[in-house]
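Structure record follows, encoded as structure tokens.
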Amino acid sequence: MTINTEQLKIAVCGHIDHGKSTLIGRLLLDTSSLPDEKTNELKKIAKEFGEETQLAYLSDQLKEERERNITIETTQIFLKTHKRPYCLIDTPGHLEFIKNMLTGASQADAALVLVDIEEGIADQTRRHAYLLKFLALPNIIVLVNKMDLVNYAEKKFRQIENELRSLFNELDLKPLHIIPISAKQGENIKKTSRRMSWFHGPHVINAIDNIPNTFEGTLKQSLRLPVQDVYQHDHEDIIVGRIASGALNKKQKVFIYPQATFTTIKTIKVFGKGKQSAHAGECIGLTLTDNFPIRRGDILCADEFTPQTQRNFRSNIIWLSSTKLQQGQTLQIQCATQTFHCKVIQILEAIDPKDLNISKDNVLSITKNQAALIEFTMLSSAIVEKHTDIPELGRYTIEDNDGLLGAGTILAVRQN
Amino acid sequence: MNSLEKLENNSIYIIREAYSRFRNIALLWSIGKDSTTLLWLCRKAFFGKIPFPILHIDTSYKFQAIYDFRKKYAKDWNLQLIIEKNERALANGMNNSLGKFECCDSLKTQTLKRAVEKHHFKAIILGIRRDEHGIRAKERFFSTRNSDHRWDYGNQAPELWDLYQAHLEKDQHLRVHPLLGWREIDVWNYIQQEKIPVADLYFSKNGQRFRSIGCEPCCSPIPSKANSLAKIIAELKTTKIAERSGRSQDKEDSYNMQKLRSLGYM
């Protein structure tokens, strides 16, 4: 079997007992993503004890698997719809959530946030929402679960929906959908629920299948190839890197930043075969017609870039160091293969991780695990982009000689 | 881009990233399917000429088929092969009857430690995967080890996107894990797609095959009729047997793997 479409990674978030494993079990069952043996076993259970028991059995098994492997931080579950394969990343719910959720969810393309209709927004819902804001995941779908417990009442759903909208609004996030579901009863999972005919949005499978592929987005952008390294092979320089956006062809003219010169691609190299063209996501090697001194951190572009050292960008950051971040401070940034310096012009807002209160006035510093919205000015040359346009050039880590201090995602870039 | 292409490109990116940060690195080759797949990816990353040594920690208890495989491909692929053994422990008769933990620690972990010190390697590339073992699921792609090779798994920095941390203090080194996100079935699908050679021990003979290969005295085969790549892939889709079920060092007590790894085991 060959899988010919790209897999989408989805982080599954939500408060404990809001139904993460039941939902995962339901999705596995309804998309027939289980091995035959398991499906037969479940069919037998369904026949003897009813469909509901079958799901409880499956989600208990998932839970048990996780408990047995208590050392696993994030569990990955694979499923496939008619449209494409998925990898669900179950994000951890324990106290050390920030480090581990960031590590797990930063690999995701989208997120499902589960909320219990009876309990409503809980601590973990807020924290996960706040981390999703920071990660700038473009595709968030909120699932209001356990609708069966409130008899599928629209009024109750609308109330929670409003609360959710204001939580996400506060964080400047726009969920693609807020869907009322019952994971247990299979309502609004793979077909439109008749019990909730008042709801006109998509069901879950429909909603995830329509999540745009971020990869397709980067393909449409202009070429950016951050140089990772240069190898000398048979007296020839091979420039290697992964294409961050767009595509390139043999014999194409490219612009090298920050040298500000044009050159032409002589050959595209991949071990074992020649190549005429390559696109975003591919790790390739290139030889060029001119012999320029090219280094890690340089960027090959399709169009001309005026090298500037003074550009501002606005960014969400999360601060992970125990020393404070202060206004006016200079930071060293790693963005794709670039290393550059920038200065904190203004801390526009800071979010407290405990109560999620946002301070906007006169914030002069932030402390460990706080997130903030910051205006930066660049002190050395680099190309940065809006995270939603070209993710690889729109996300960065802040480091010093001892290690990681924080990380950020770029919301807007401005030329001075 | 399909899932295998995505995994391949991510792994190549990680391998090149390790080499770019520190030229003085090595690939740890156990000659099993995972590290051979990793070796193949390194050949791809460097257009057929891997610019760093390939390190084999030889316990002297490997299968003959593994030694034959090593000899053939070290030559065919023109590898800079370094073989390291704990000669002193072997001369003193170290073997698994003296304790599996002790034997692994002495012949593998201590030998690896000494090799890293001797060759001043700043990073070691290894073929471990998250789905192999619970404790390996905690790993990062770039993972720091102190001078004792200890792994402080409770206190790791977050690893965001593909921006890997490569800050080392004096005497520290990095373990780099380009296959961490691969599943066992991905490895076999890739072996099939790329026609990567693997040891015959993986294929069924007389109703048995090895699913995971280590030292001969500590490895047992699983019952299986899978005598081809296609059959192995089909078998993995339905099996309920854990991949490392035939590896005795994992099982002696449930904390063995955790203990071994925290002390520098691969």
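Chains: A, B, ... in order of the structure tokens. Residues: from 1 per chain. Ligands: from 1, in order shown.
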Counting only C-alpha atoms, chain B residues within 7 Å of chain A, as a list of chain:residue names: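 The complete set of qualifying residues is B:Met1, B:Asn2, B:Ser3, B:Asn9, B:Ile12, B:Tyr13, B:Ser20, B:Lys44, B:Phe47, B:Gly48, B:Gly134, B:Ile135, B:Ala137, B:Lys138, B:Pro158, B:Glu159, B:Leu160, B:Trp161, B:Leu163, B:Gln165, B:His167, B:Lys237, B:Thr238.
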Selection: 9 Å around Glu117 in chain B, only C-alpha atoms, excl. self and same-chain fewer than 4 positions, as a list in words: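 Everything that qualifies: Leu112, Lys113, Phe121, Ser147 and Asp171 of chain B.
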Test item, alpha helix (DSSP H) assignment across range 211-396 of chain A, answer as a list in words: Thr214, Phe215, Glu216, Gly217, Thr218, Leu219 and Lys220 of chain A
Write the residues of the preceding selection, restricted to N, CA, C and O atoms, as a compact mmCIF listing (two decimals), in the first residue's frame.
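Output file result08.txt is given in full below:
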```txt
# COMPACT_ATOMS: atom_id res chain seq x y z
N THR A 214 -1.27 23.23 5.18
CA THR A 214 -0.34 24.37 5.30
C THR A 214 0.76 24.27 4.24
O THR A 214 1.26 25.27 3.76
N PHE A 215 1.07 23.04 3.90
CA PHE A 215 2.12 22.80 2.92
C PHE A 215 1.74 23.40 1.57
O PHE A 215 2.54 24.03 0.89
N GLU A 216 0.45 23.23 1.18
CA GLU A 216 -0.01 23.80 -0.08
C GLU A 216 0.12 25.32 -0.05
O GLU A 216 0.42 25.96 -1.05
N GLY A 217 -0.09 25.90 1.13
CA GLY A 217 0.05 27.35 1.29
C GLY A 217 1.47 27.80 1.03
O GLY A 217 1.69 28.77 0.30
N THR A 218 2.46 27.08 1.58
CA THR A 218 3.85 27.51 1.39
C THR A 218 4.31 27.30 -0.05
O THR A 218 5.18 28.00 -0.53
N LEU A 219 3.67 26.35 -0.74
CA LEU A 219 4.01 26.13 -2.15
C LEU A 219 3.70 27.36 -3.00
O LEU A 219 4.41 27.67 -3.95
N LYS A 220 2.60 28.05 -2.63
CA LYS A 220 2.16 29.21 -3.43
C LYS A 220 2.99 30.45 -3.17
O LYS A 220 2.93 31.40 -3.93
```
Of the listed residues B:Lys225, B:His177, B:Arg114, B:Arg150, that which approaches Arg130 in chain B most closely, counting only C-alpha atoms: B:His177
CA of Leu27 in chain A to CA of Ile232 in chain B, distance in Å rounded to a single decimal: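 It comes out at 27.1 Å.
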Who sits within 8 Å of range 163-165 of chain A, only C-alpha atoms, same chain under 4 positions skipped, as a PDB file with N, CA, C and O atoms, in the first residue's frame:
```pdb
ATOM      1  N   ILE A 121     -15.815  25.751  30.197  1.00  0.00           N
ATOM      2  CA  ILE A 121     -14.391  26.066  30.094  1.00  0.00           C
ATOM      3  C   ILE A 121     -13.692  25.777  31.421  1.00  0.00           C
ATOM      4  O   ILE A 121     -14.092  26.286  32.455  1.00  0.00           O
ATOM      5  N   GLN A 159     -24.896  28.911  24.826  1.00  0.00           N
ATOM      6  CA  GLN A 159     -24.314  29.583  25.989  1.00  0.00           C
ATOM      7  C   GLN A 159     -22.800  29.295  26.066  1.00  0.00           C
ATOM      8  O   GLN A 159     -21.984  30.203  26.176  1.00  0.00           O
ATOM      9  N   ASN A 169     -11.646  35.086  21.475  1.00  0.00           N
ATOM     10  CA  ASN A 169     -11.510  36.481  21.058  1.00  0.00           C
ATOM     11  C   ASN A 169     -10.461  37.209  21.869  1.00  0.00           C
ATOM     12  O   ASN A 169      -9.630  37.924  21.320  1.00  0.00           O
TER      13      ASN A 169
END
```
Strand (DSSP E or B) per DSSP on the backbone: members of range 67-309 of chain A, as a VMD selection string: chain A and resid 75 to 80 85 to 90 110 to 116 139 to 145 177 to 180 182 187 224 to 233 236 to 242 245 247 to 249 253 to 257 261 to 270 273 to 275 277 to 279 283 to 288 299 to 301
Minimum-distance residue to Ala123 in chain B, chosen among B:Trp182, B:Phe52, B:Phe69, B:Tyr61 (using only C-alpha atoms):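 Closest to Ala123 in chain B of all the choices is B:Phe52.
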Near-Ala115 in chain B list (10 Å; only C-alpha atoms; drop same-chain fewer than 5 positions) as a PyMOL selection string: chain B and resi 55-57+82-86+109-110+120-121
Separation of CA of Thr31 in chain A from CA of Lys184 in chain A, in Å and rounded to one decimal: 14.9 Å
Pick from B:Thr144, B:Ile50, B:Ile25, B:Leu90 nearest to Val116 in chain B, counting only C-alpha atoms: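 Going through B:Thr144, B:Ile50, B:Ile25, B:Leu90 one by one, the smallest distance to Val116 in chain B is for B:Ile25.
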Shortest interatomic distance to Ile117 in chain A - which of A:His341, A:Lys80, A:Lys9, A:Arg158, counting only C-alpha atoms: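 For Ile117 in chain A, the nearest of the given residues is A:Arg158.
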For Leu39 in chain B, the nearest of the candidates B:Met94, B:Leu79, B:Ala18, B:Ile222, counting only C-alpha atoms: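 Checking each candidate against Leu39 in chain B, we get B:Leu79 as the closest.
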For Ile140 in chain A: contacts at 8 Å, only C-alpha atoms, fewer than 4 positions along chain excluded, given as a PyMOL selection string: chain A and resi 110-113+174-177
